[in-house]
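For reference, input_8.txt (compact mmCIF, C-alpha atoms and all ligand atoms):
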# COMPACT_ATOMS: atom_id res chain seq x y z
CA GLY A 558 4.11 46.52 58.43
CA LYS A 559 2.71 46.91 61.88
CA MET A 560 3.33 43.40 63.11
CA THR A 561 5.96 40.73 62.76
CA ASN A 562 5.34 37.15 61.71
CA GLU A 563 6.35 36.01 65.15
CA TYR A 564 3.58 35.26 67.57
CA LYS A 565 3.45 37.31 70.73
CA PRO A 566 3.53 35.55 74.10
CA TYR A 567 0.00 34.34 74.90
CA GLU A 568 -0.99 34.49 71.22
CA GLN A 569 -2.64 31.14 70.49
CA PHE A 570 -3.15 31.55 66.76
CA ARG A 571 -3.25 34.10 63.95
CA VAL A 572 -5.04 34.06 60.62
CA VAL A 573 -3.39 36.65 58.38
CA LYS A 574 -5.55 38.19 55.65
CA GLU A 575 -4.03 39.66 52.56
CA ASP A 576 -3.32 43.36 52.87
CA TYR A 577 -5.87 45.18 50.76
CA GLY A 578 -3.61 48.21 50.76
CA ASN A 579 -6.45 50.32 52.08
CA PRO A 580 -4.94 53.81 52.26
CA ASP A 581 -7.74 55.03 54.54
CA LYS A 582 -7.00 52.56 57.29
CA VAL A 583 -5.65 53.97 60.53
CA PRO A 584 -2.49 52.08 61.41
CA ARG A 585 -2.45 50.18 64.68
CA ALA A 586 -6.22 49.97 65.25
CA THR A 587 -8.17 46.79 65.99
CA PHE A 588 -11.47 45.36 67.09
CA PHE A 589 -11.26 43.64 70.45
CA THR A 590 -13.51 40.88 71.76
CA LEU A 591 -13.32 38.93 75.01
CA VAL A 592 -15.45 35.86 74.46
CA ARG A 593 -16.15 32.25 75.41
CA ASN A 594 -16.07 29.36 72.93
CA SER A 595 -19.75 28.75 73.74
CA GLU A 596 -20.70 32.21 72.42
CA MET A 597 -19.45 31.53 68.88
CA TYR A 598 -22.79 31.90 67.10
CA GLY A 599 -23.68 35.15 68.84
CA LEU A 600 -20.23 36.41 67.98
CA ILE A 601 -20.24 35.57 64.28
CA ALA A 602 -23.58 37.38 64.06
CA SER A 603 -21.92 40.49 65.54
CA ILE A 604 -18.96 40.18 63.18
CA GLU A 605 -21.16 39.76 60.12
CA ARG A 606 -23.13 42.92 60.96
CA LEU A 607 -20.05 45.01 61.61
CA GLU A 608 -18.30 43.72 58.49
CA GLN A 609 -21.34 44.53 56.29
CA ARG A 610 -21.85 47.97 57.83
CA PHE A 611 -18.19 48.96 58.01
CA ASN A 612 -15.20 46.70 58.10
CA LYS A 613 -15.49 45.04 54.69
CA ARG A 614 -14.34 48.42 53.30
CA MET A 615 -11.63 48.83 55.94
CA ASN A 616 -10.25 45.39 56.85
CA TYR A 617 -9.15 46.25 60.36
CA ASP A 618 -7.69 43.46 62.47
CA TRP A 619 -9.73 41.68 65.11
CA VAL A 620 -8.29 40.44 68.39
CA PHE A 621 -10.19 37.69 70.23
CA MET A 622 -9.37 36.85 73.82
CA ASN A 623 -10.32 34.04 76.17
CA ASP A 624 -9.40 32.74 79.61
CA VAL A 625 -9.17 29.21 78.11
CA PRO A 626 -7.84 28.18 74.66
CA PHE A 627 -10.11 28.73 71.68
CA THR A 628 -11.37 25.64 69.89
CA LYS A 629 -10.33 24.96 66.32
CA GLU A 630 -13.95 25.36 65.25
CA PHE A 631 -14.16 28.77 66.92
CA ILE A 632 -10.98 29.93 65.18
CA ASP A 633 -12.11 28.57 61.80
CA ARG A 634 -15.60 30.05 61.90
CA THR A 635 -14.69 33.49 63.29
CA SER A 636 -11.58 34.05 61.17
CA ALA A 637 -13.67 33.26 58.10
CA MET A 638 -15.95 36.19 58.98
CA VAL A 639 -13.30 38.86 59.52
CA SER A 640 -11.95 40.76 56.52
CA GLY A 641 -8.80 41.75 58.41
CA THR A 642 -6.25 39.62 60.23
CA ALA A 643 -7.75 37.63 63.11
CA ARG A 644 -5.67 37.05 66.24
CA TYR A 645 -6.45 34.77 69.16
CA GLY A 646 -5.09 35.52 72.61
CA ILE A 647 -5.04 33.58 75.86
CA ILE A 648 -5.32 35.52 79.09
CA PRO A 649 -2.38 34.99 81.47
CA HIS A 650 -3.50 33.21 84.65
CA GLU A 651 -2.50 36.17 86.87
CA HIS A 652 -4.98 38.32 84.96
CA TRP A 653 -7.93 36.01 85.63
CA SER A 654 -7.50 34.77 89.20
CA TYR A 655 -7.49 36.02 92.79
CA PRO A 656 -4.68 38.29 93.93
CA ASP A 657 -3.17 37.10 97.21
CA TRP A 658 -4.68 39.94 99.28
CA ILE A 659 -8.24 38.82 98.53
CA ASP A 660 -10.02 36.67 101.13
CA GLN A 661 -11.71 34.08 98.93
CA ASN A 662 -14.03 32.94 101.71
CA ARG A 663 -15.29 36.46 102.13
CA ALA A 664 -15.69 36.74 98.34
CA ARG A 665 -17.73 33.51 98.27
CA ALA A 666 -19.90 34.68 101.16
CA VAL A 667 -20.62 37.88 99.25
CA ARG A 668 -21.67 35.94 96.15
CA GLU A 669 -23.97 33.76 98.25
CA SER A 670 -25.39 36.64 100.28
CA ARG A 671 -29.02 37.63 100.15
CA LYS A 672 -27.93 41.10 99.11
CA PHE A 673 -26.74 39.82 95.73
CA ALA A 674 -29.41 37.15 95.27
CA ASN A 675 -31.55 39.17 92.87
CA VAL A 676 -28.78 41.29 91.40
CA VAL A 677 -27.77 40.56 87.83
CA TYR A 678 -24.55 38.46 87.94
CA GLY A 679 -24.48 39.02 91.73
CA GLY A 680 -23.68 35.35 92.36
CA SER A 681 -21.24 34.92 89.49
CA GLU A 682 -17.53 34.40 90.08
CA SER A 683 -16.47 34.51 86.41
CA TYR A 684 -18.31 37.80 85.87
CA ARG A 685 -16.13 39.37 88.57
CA HIS A 686 -12.93 38.09 86.91
CA MET A 687 -14.25 39.46 83.61
CA CYS A 688 -14.91 42.94 85.05
CA ARG A 689 -11.51 43.02 86.74
CA PHE A 690 -9.81 41.90 83.52
CA ASN A 691 -11.56 44.62 81.50
CA SER A 692 -10.66 47.22 84.13
CA LYS A 693 -7.06 46.36 84.80
CA PHE A 694 -5.53 43.94 82.34
CA PHE A 695 -6.86 43.76 78.78
CA TYR A 696 -4.62 46.58 77.59
CA LYS A 697 -1.55 44.82 79.03
CA HIS A 698 -2.00 41.69 76.89
CA PRO A 699 1.10 41.27 74.65
CA ILE A 700 -1.05 41.21 71.49
CA MET A 701 -2.41 44.66 72.33
CA GLU A 702 1.15 46.06 72.20
CA ASP A 703 0.68 46.08 68.42
CA TYR A 704 -2.19 48.60 68.67
CA ASP A 705 -2.94 52.15 69.79
CA LEU A 706 -6.71 52.17 69.25
CA TYR A 707 -9.33 49.50 69.91
CA TRP A 708 -13.04 49.08 69.42
CA ARG A 709 -14.67 46.67 71.82
CA VAL A 710 -17.30 44.31 70.42
CA GLU A 711 -19.44 41.64 72.14
CA PRO A 712 -21.46 38.68 70.89
CA ASP A 713 -25.07 39.35 69.78
CA VAL A 714 -24.79 43.07 69.16
CA GLU A 715 -26.38 44.87 66.23
CA PHE A 716 -25.33 47.73 63.96
CA MET A 717 -28.36 49.14 62.22
CA CYS A 718 -26.90 51.79 59.91
CA ASP A 719 -23.90 51.96 57.61
CA ILE A 720 -20.96 53.37 59.48
CA GLN A 721 -20.01 56.02 56.97
CA GLU A 722 -17.12 57.70 58.74
CA ASP A 723 -14.32 55.66 60.24
CA PRO A 724 -14.52 56.06 64.05
CA PHE A 725 -10.84 55.12 64.40
CA LYS A 726 -9.98 57.93 62.03
CA TYR A 727 -12.20 60.24 64.07
CA LEU A 728 -10.20 59.43 67.19
CA ALA A 729 -6.87 59.71 65.39
CA THR A 730 -7.60 63.08 63.76
CA THR A 731 -9.41 64.83 66.62
CA GLY A 732 -7.32 63.67 69.58
CA THR A 733 -10.37 62.01 71.10
CA MET A 734 -9.33 59.47 73.73
CA TYR A 735 -12.66 57.76 74.46
CA GLY A 736 -15.82 57.17 72.42
CA PHE A 737 -19.13 55.51 73.28
CA THR A 738 -22.72 55.22 72.08
CA ILE A 739 -24.89 54.34 75.10
CA ALA A 740 -24.72 55.64 78.66
CA PHE A 741 -26.51 53.65 81.32
CA GLN A 742 -27.40 53.75 85.00
CA GLU A 743 -25.61 51.26 87.27
CA PHE A 744 -27.31 49.14 89.97
CA ALA A 745 -26.19 50.89 93.16
CA VAL A 746 -25.84 47.69 95.22
CA THR A 747 -22.98 46.49 92.95
CA ILE A 748 -20.74 49.50 93.65
CA GLU A 749 -21.54 50.70 97.17
CA THR A 750 -17.97 51.81 97.98
CA LEU A 751 -16.63 52.45 94.44
CA TRP A 752 -17.18 56.22 94.33
CA GLY A 753 -15.66 56.81 97.76
CA THR A 754 -12.65 54.67 96.92
CA ALA A 755 -12.18 56.35 93.54
CA MET A 756 -12.39 59.85 95.01
CA GLU A 757 -9.89 58.94 97.73
CA TYR A 758 -7.42 58.05 95.00
CA PHE A 759 -8.07 61.00 92.70
CA ARG A 760 -8.04 63.59 95.50
CA LYS A 761 -4.64 62.23 96.56
CA GLU A 762 -3.34 62.23 92.96
CA SER A 763 -4.61 65.72 92.13
CA VAL A 764 -1.61 67.16 93.97
CA LYS A 765 0.69 66.00 91.18
CA SER A 766 -1.64 65.29 88.24
CA GLN A 767 -3.86 67.56 86.21
CA LEU A 768 -7.41 66.39 86.80
CA PRO A 769 -10.03 68.43 84.93
CA ALA A 770 -12.80 67.20 87.24
CA LEU A 771 -11.05 68.57 90.33
CA GLN A 772 -9.13 71.52 88.85
CA THR A 773 -11.75 72.98 86.50
CA PRO A 774 -14.97 71.19 87.51
CA GLU A 775 -17.23 73.55 85.53
CA ASP A 776 -15.30 72.70 82.35
CA SER A 777 -15.06 68.94 82.93
CA LEU A 778 -17.12 65.76 82.83
CA LEU A 779 -17.62 65.68 86.58
CA GLY A 780 -21.30 66.54 86.01
CA PHE A 781 -21.72 63.36 83.97
CA VAL A 782 -20.96 61.16 86.98
CA SER A 783 -22.01 63.38 89.90
CA ASP A 784 -25.03 65.62 90.44
CA ASP A 785 -23.57 67.25 93.56
CA GLN A 786 -20.08 68.42 92.54
CA GLY A 787 -18.44 65.12 93.37
CA GLY A 788 -20.14 64.28 96.66
CA ASN A 789 -21.99 61.24 95.32
CA TYR A 790 -22.02 59.07 92.22
CA ASN A 791 -25.17 59.45 90.11
CA MET A 792 -24.71 55.92 88.62
CA CYS A 793 -24.22 57.15 85.02
CA HIS A 794 -21.62 55.23 83.06
CA PHE A 795 -20.53 54.65 79.50
CA TRP A 796 -21.77 51.22 78.49
CA THR A 797 -18.41 49.58 77.81
CA ASN A 798 -19.74 46.73 75.70
CA PHE A 799 -19.24 49.36 72.96
CA GLU A 800 -16.18 51.49 73.45
CA ILE A 801 -13.62 52.93 71.06
CA ALA A 802 -10.61 54.27 72.85
CA ASN A 803 -6.95 55.13 72.76
CA LEU A 804 -4.95 52.61 74.76
CA THR A 805 -2.57 55.28 76.06
CA LEU A 806 -5.43 56.38 78.33
CA TRP A 807 -5.26 53.09 80.27
CA ARG A 808 -1.50 52.79 80.01
CA SER A 809 -0.94 56.08 81.85
CA PRO A 810 0.53 55.98 85.37
CA LEU A 811 -2.56 57.84 86.60
CA TYR A 812 -4.98 55.17 85.37
CA GLU A 813 -2.68 52.27 86.27
CA GLY A 814 -2.46 53.65 89.79
CA PHE A 815 -6.24 53.95 89.89
CA ALA A 816 -6.83 50.37 88.76
CA ASP A 817 -4.31 49.15 91.30
CA TYR A 818 -5.86 51.18 94.09
CA LEU A 819 -9.31 49.78 93.31
CA ASP A 820 -7.96 46.25 93.06
CA HIS A 821 -6.39 46.47 96.51
CA ALA A 822 -9.62 47.84 97.94
CA GLY A 823 -11.18 44.49 96.91
CA GLY A 824 -14.50 45.68 95.47
CA PHE A 825 -14.22 43.61 92.29
CA PHE A 826 -14.75 40.58 94.56
CA TYR A 827 -16.36 41.91 97.76
CA GLU A 828 -18.92 43.91 95.79
CA ARG A 829 -19.41 43.50 92.05
CA TRP A 830 -17.66 46.48 90.55
CA GLY A 831 -18.20 46.63 86.81
CA ASP A 832 -15.57 47.76 84.32
CA ALA A 833 -18.12 50.24 82.97
CA PRO A 834 -18.37 52.44 86.08
CA VAL A 835 -14.62 51.99 86.63
CA HIS A 836 -13.76 53.21 83.11
CA SER A 837 -16.39 55.94 83.27
CA ILE A 838 -15.29 57.44 86.57
CA ALA A 839 -11.67 57.46 85.35
CA VAL A 840 -12.58 59.05 82.01
CA SER A 841 -14.73 61.69 83.72
CA MET A 842 -12.01 62.59 86.20
CA MET A 843 -9.02 62.46 83.84
CA LEU A 844 -10.20 63.74 80.47
CA LYS A 845 -11.48 67.04 79.18
CA PRO A 846 -14.95 67.09 77.60
CA SER A 847 -13.37 67.60 74.16
CA GLN A 848 -11.50 64.28 74.52
CA VAL A 849 -14.67 62.20 74.88
CA HIS A 850 -17.14 61.65 72.07
CA VAL A 851 -20.59 60.12 71.77
CA PHE A 852 -21.00 58.54 68.32
CA GLN A 853 -24.60 59.64 67.69
CA ASP A 854 -24.34 58.57 64.05
CA ILE A 855 -23.60 54.92 64.89
CA SER A 856 -26.71 52.81 65.47
CA TYR A 857 -25.78 50.17 68.01
CA LYS A 858 -27.88 47.73 70.02
CA HIS A 859 -27.00 45.43 72.91
CA THR A 860 -29.74 43.63 74.90
CA VAL A 861 -32.17 46.28 76.22
CA ALA A 862 -30.73 49.43 74.69
CA GLY A 863 -30.12 50.67 71.16
CA THR A 864 -29.38 53.94 69.46
CA CYS A 865 -30.62 55.38 66.18
CA PRO A 866 -29.39 58.60 64.50
CA LEU A 867 -31.85 61.48 65.02
CA ASP A 868 -31.22 62.83 61.54
CA ASP A 869 -33.69 62.06 58.75
CA ASP A 870 -31.12 62.46 55.99
CA ARG A 871 -28.70 60.15 57.74
CA LEU A 872 -31.39 57.50 58.26
CA LYS A 873 -31.70 57.29 54.48
CA SER A 874 -28.13 57.79 53.36
CA ALA A 875 -26.85 55.23 55.89
CA HIS A 876 -29.57 52.68 55.02
CA CYS A 877 -30.72 52.50 58.64
CA ILE A 878 -33.14 49.81 59.77
CA CYS A 879 -33.69 51.35 63.23
CA ASP A 880 -36.62 53.44 64.51
CA PRO A 881 -35.48 56.88 65.69
CA LEU A 882 -38.35 56.96 68.21
CA GLY A 883 -36.68 53.99 69.93
CA ASP A 884 -33.36 55.81 70.29
CA TRP A 885 -31.84 55.33 73.75
CA THR A 886 -30.85 58.98 74.18
CA ILE A 887 -34.50 60.06 74.20
CA SER A 888 -35.74 56.95 76.03
CA GLY A 889 -36.10 58.21 79.59
CA GLN A 890 -32.79 57.14 81.13
CA GLU A 891 -31.08 60.50 81.35
CA CYS A 892 -27.39 59.58 81.15
CA ASN A 893 -26.86 60.18 77.41
CA LYS A 894 -28.58 63.57 77.68
CA LYS A 895 -26.52 64.41 80.72
CA PHE A 896 -23.36 63.72 78.72
CA LEU A 897 -24.53 65.90 75.83
CA GLU A 898 -25.26 68.77 78.23
CA VAL A 899 -22.09 68.47 80.28
CA SER A 900 -19.80 68.01 77.25
CA LYS A 901 -21.66 70.59 75.14
CA GLN A 902 -21.44 68.19 72.20
CA PRO A 903 -24.10 69.20 69.66
CA THR A 904 -27.04 66.89 69.04
CA LEU A 905 -27.91 65.64 65.55
CA LYS A 906 -30.10 67.82 63.36
CA ASP A 907 -33.53 66.29 64.10
CA PHE A 908 -32.99 65.68 67.82
CA LYS A 909 -35.69 68.16 68.88
CA LYS A 910 -38.26 66.68 66.52
CA TYR A 911 -37.89 63.20 68.05
CA ASP A 912 -37.30 64.20 71.67
CA GLN A 913 -40.93 64.82 72.64
P1 LIG B 1 -22.99 41.88 80.20
O1 LIG B 1 -22.84 42.60 78.88
O2 LIG B 1 -22.67 42.76 81.36
O3 LIG B 1 -24.30 41.20 80.32
O4 LIG B 1 -21.86 40.75 80.26
P2 LIG B 1 -21.54 39.61 79.20
O5 LIG B 1 -21.97 38.28 79.73
O6 LIG B 1 -22.04 40.00 77.84
O7 LIG B 1 -19.95 39.63 79.22
C1 LIG B 1 -19.20 40.71 78.72
C2 LIG B 1 -18.17 40.21 77.71
O8 LIG B 1 -17.24 39.36 78.35
C3 LIG B 1 -18.77 39.40 76.58
O9 LIG B 1 -18.02 39.67 75.41
C4 LIG B 1 -18.57 37.97 77.01
O10 LIG B 1 -18.41 37.14 75.89
C5 LIG B 1 -17.28 38.06 77.80
N1 LIG B 1 -17.22 37.13 78.94
C6 LIG B 1 -17.99 37.13 80.05
N2 LIG B 1 -17.64 36.15 80.90
C7 LIG B 1 -16.62 35.49 80.32
C8 LIG B 1 -15.81 34.36 80.70
O11 LIG B 1 -15.96 33.76 81.77
N3 LIG B 1 -14.83 33.96 79.82
C9 LIG B 1 -14.62 34.61 78.63
N4 LIG B 1 -13.66 34.16 77.83
N5 LIG B 1 -15.35 35.67 78.24
C10 LIG B 1 -16.34 36.11 79.07
MN MN B 2 -22.89 41.78 77.04
Same coordinates, now as structure tokens:
Amino acid sequence: GKMTNEYKPYEQFRVVKEDYGNPDKVPRATFFTLVRNSEMYGLIASIERLEQRFNKRMNYDWVFMNDVPFTKEFIDRTSAMVSGTARYGIIPHEHWSYPDWIDQNRARAVRESRKFANVVYGGSESYRHMCRFNSKFFYKHPIMEDYDLYWRVEPDVEFMCDIQEDPFKYLATTGTMYGFTIAFQEFAVTIETLWGTAMEYFRKESVKSQLPALQTPEDSLLGFVSDDQGGNYNMCHFWTNFEIANLTLWRSPLYEGFADYLDHAGGFFYERWGDAPVHSIAVSMMLKPSQVHVFQDISYKHTVAGTCPLDDDRLKSAHCICDPLGDWTISGQECNKKFLEVSKQPTLKDFKKYDQ
């Protein structure tokens, strides 16, 4: 078995489900959800959709994490929805608080500044801890030691087609390190110094590390994040509310050094750096195009953006309820298309018909 009966440090509770003996299941893969107790209803809606469309056949584990203990009601209601084992983790205080080099008065002044007044989450303190946690710490939680692959899920998301092929298996068999569905454009005011800080680090590291974006820029994902060969950030990022990735990516000295470098620069608190641009810049610098995959066959929706497979046969065979004309890739924001071009990943069969 992949886990012991003993709880890990910072594991609040575990609800073990019987092993269905599913031979197709990739060992050491789990869903992962950071969530508040107050978001329980939005979350069980997400779980229900993902179970119906996929996990009821697979029974993968689900790891829930919170900066405060989960309520008994939350544990009861969510564990009842998951077909695999459900595990509940508490975030260590050091992973959700200010490091000693941060000037908290300056951080407060930033949150209260006019500059961030009309910026989404610009005034929020907890949002900044959340983004820093997702950038630097989630993969270090003791529960995550039991896993190699994770699929991040948030409350109130929708899956509008059957997920016919196991994305975990796709990662495991193809050597893909990072998968996404939606790419989005960041609000520039939240990351004014992120690109400069990131490039400082990666240029320094490129002496000893292989970085496709700097060594072989024409055969890399640099063009996904920069329209001028690395001079400026074009604001494109993988929308991390959906991400399926191999944890060894984040556990590498190169990424750990990056997260640390960013953390010391202070932008999680003095600006509002999101984990999405942080992950995306790292992925685009560190990985080859063949190691990153857009799951065009998964129909996923979160708030303002949703995808739908541009393949008429798939729409029927996967019992889709989405409208292909509403697919995000052909919506006008260019980041998904930019990824497809830069990575040379083929589009689905009816892409041209719908992309008018
Ligand atoms: P958005 O997707 O950028 O609008 O951000 P969300 O508000 O959806 O937050 C991203 C994820 O982090 C969601 O899964 C939230 O449930 C979770 N989250 C955000 N803030 C907190 C927090 O203060 N505590 C906990 N435990 N989870 C949080
Ligand atoms: Mn969200």
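Neighbours of segment 748-759 of chain A closer than or equal to 7 Å, with only C-alpha atoms counted and sequence neighbours fewer than 2 positions away skipped, come out as Ala745, Val746, Lys761, Glu762, Ser763, Tyr790, Phe815, Leu819, Glu828, Arg829 and Trp830 of chain A.
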Do you know which residues lie at most 12 Å from (-11.5, 69.9, 84.9), with coordinates as in the file and only C-alpha atoms counted, and could you write them as a PyMOL selection string? chain A and resi 763+766-780+786-787+840-848+899-900
What lies within 8 Å of Lys582 of chain A using all atoms listed in the file, ignoring chain neighbours under 2 positions off, as number ranges by chain? A: 579-580, 584, 615-617, 726
Would you pick out the contacts of Ser888 of chain A at 12 Å or less, using all atoms listed in the file, so that residues sharing its chain but fewer than 3 positions from it are not included, and give the list as a list in words? Ile739, Ala740, Phe741, Val861, Ala862, Gly863, Thr864, Cys865, Pro881, Leu882, Gly883, Asp884, Trp885, Glu891, Cys892, Asn893, Lys894, Tyr911, Asp912 and Gln913 of chain A
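Here atom CA of Met792 of chain A stands at a distance of 11.5 Å from atom CA of Gly831 of chain A.
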Could you please extract the residues within 6 Å of ligand LIG 1 (chain B), counting all atoms listed in the file, and hand them back as an mmCIF file with C-alpha atoms, in the frame of the given file?
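Here's the written file pocket.cif:
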data_model
loop_
_atom_site.group_PDB
_atom_site.id
_atom_site.type_symbol
_atom_site.label_atom_id
_atom_site.label_comp_id
_atom_site.auth_asym_id
_atom_site.auth_seq_id
_atom_site.Cartn_x
_atom_site.Cartn_y
_atom_site.Cartn_z
ATOM 1 C CA THR A 590 -13.510 40.880 71.760
ATOM 2 C CA LEU A 591 -13.320 38.930 75.010
ATOM 3 C CA VAL A 592 -15.450 35.860 74.460
ATOM 4 C CA ARG A 593 -16.150 32.250 75.410
ATOM 5 C CA ASN A 623 -10.320 34.040 76.170
ATOM 6 C CA ASP A 624 -9.400 32.740 79.610
ATOM 7 C CA SER A 683 -16.470 34.510 86.410
ATOM 8 C CA TYR A 684 -18.310 37.800 85.870
ATOM 9 C CA MET A 687 -14.250 39.460 83.610
ATOM 10 C CA GLU A 711 -19.440 41.640 72.140
ATOM 11 C CA PRO A 712 -21.460 38.680 70.890
#
Between A:Cys718, A:Val677, A:Ala637, A:Cys877, smallest distance to ligand MN 2 (chain B) by all atoms listed in the file belongs to A:Val677
What do you get as a count of residues only if you pick all residues at most 9 Å from ligand MN 2 (chain B), counting only C-alpha atoms and all ligand atoms? 7
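The protein and nucleic acid residues lying at most 12 Å from Arg685 of chain A are A:His652, A:Trp653, A:Ser654, A:Tyr655, A:Ala664, A:Arg665, A:Val667, A:Arg668, A:Val677, A:Tyr678, A:Gly679, A:Asn691, A:Ser692, A:Thr747, A:Asp820, A:Gly823, A:Gly824, A:Phe825, A:Phe826, A:Tyr827, A:Glu828, A:Arg829, A:Trp830, A:Gly831, A:Asp832, with all atoms listed in the file considered and sequence neighbours fewer than 6 positions away removed.
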For Ala729 of chain A, list every protein, DNA or RNA residue within 9 Å, evaluated using only C-alpha atoms, and leave out those in the same chain fewer than 6 positions away; present the list as a ChimeraX atom specification. /A:583,706,803
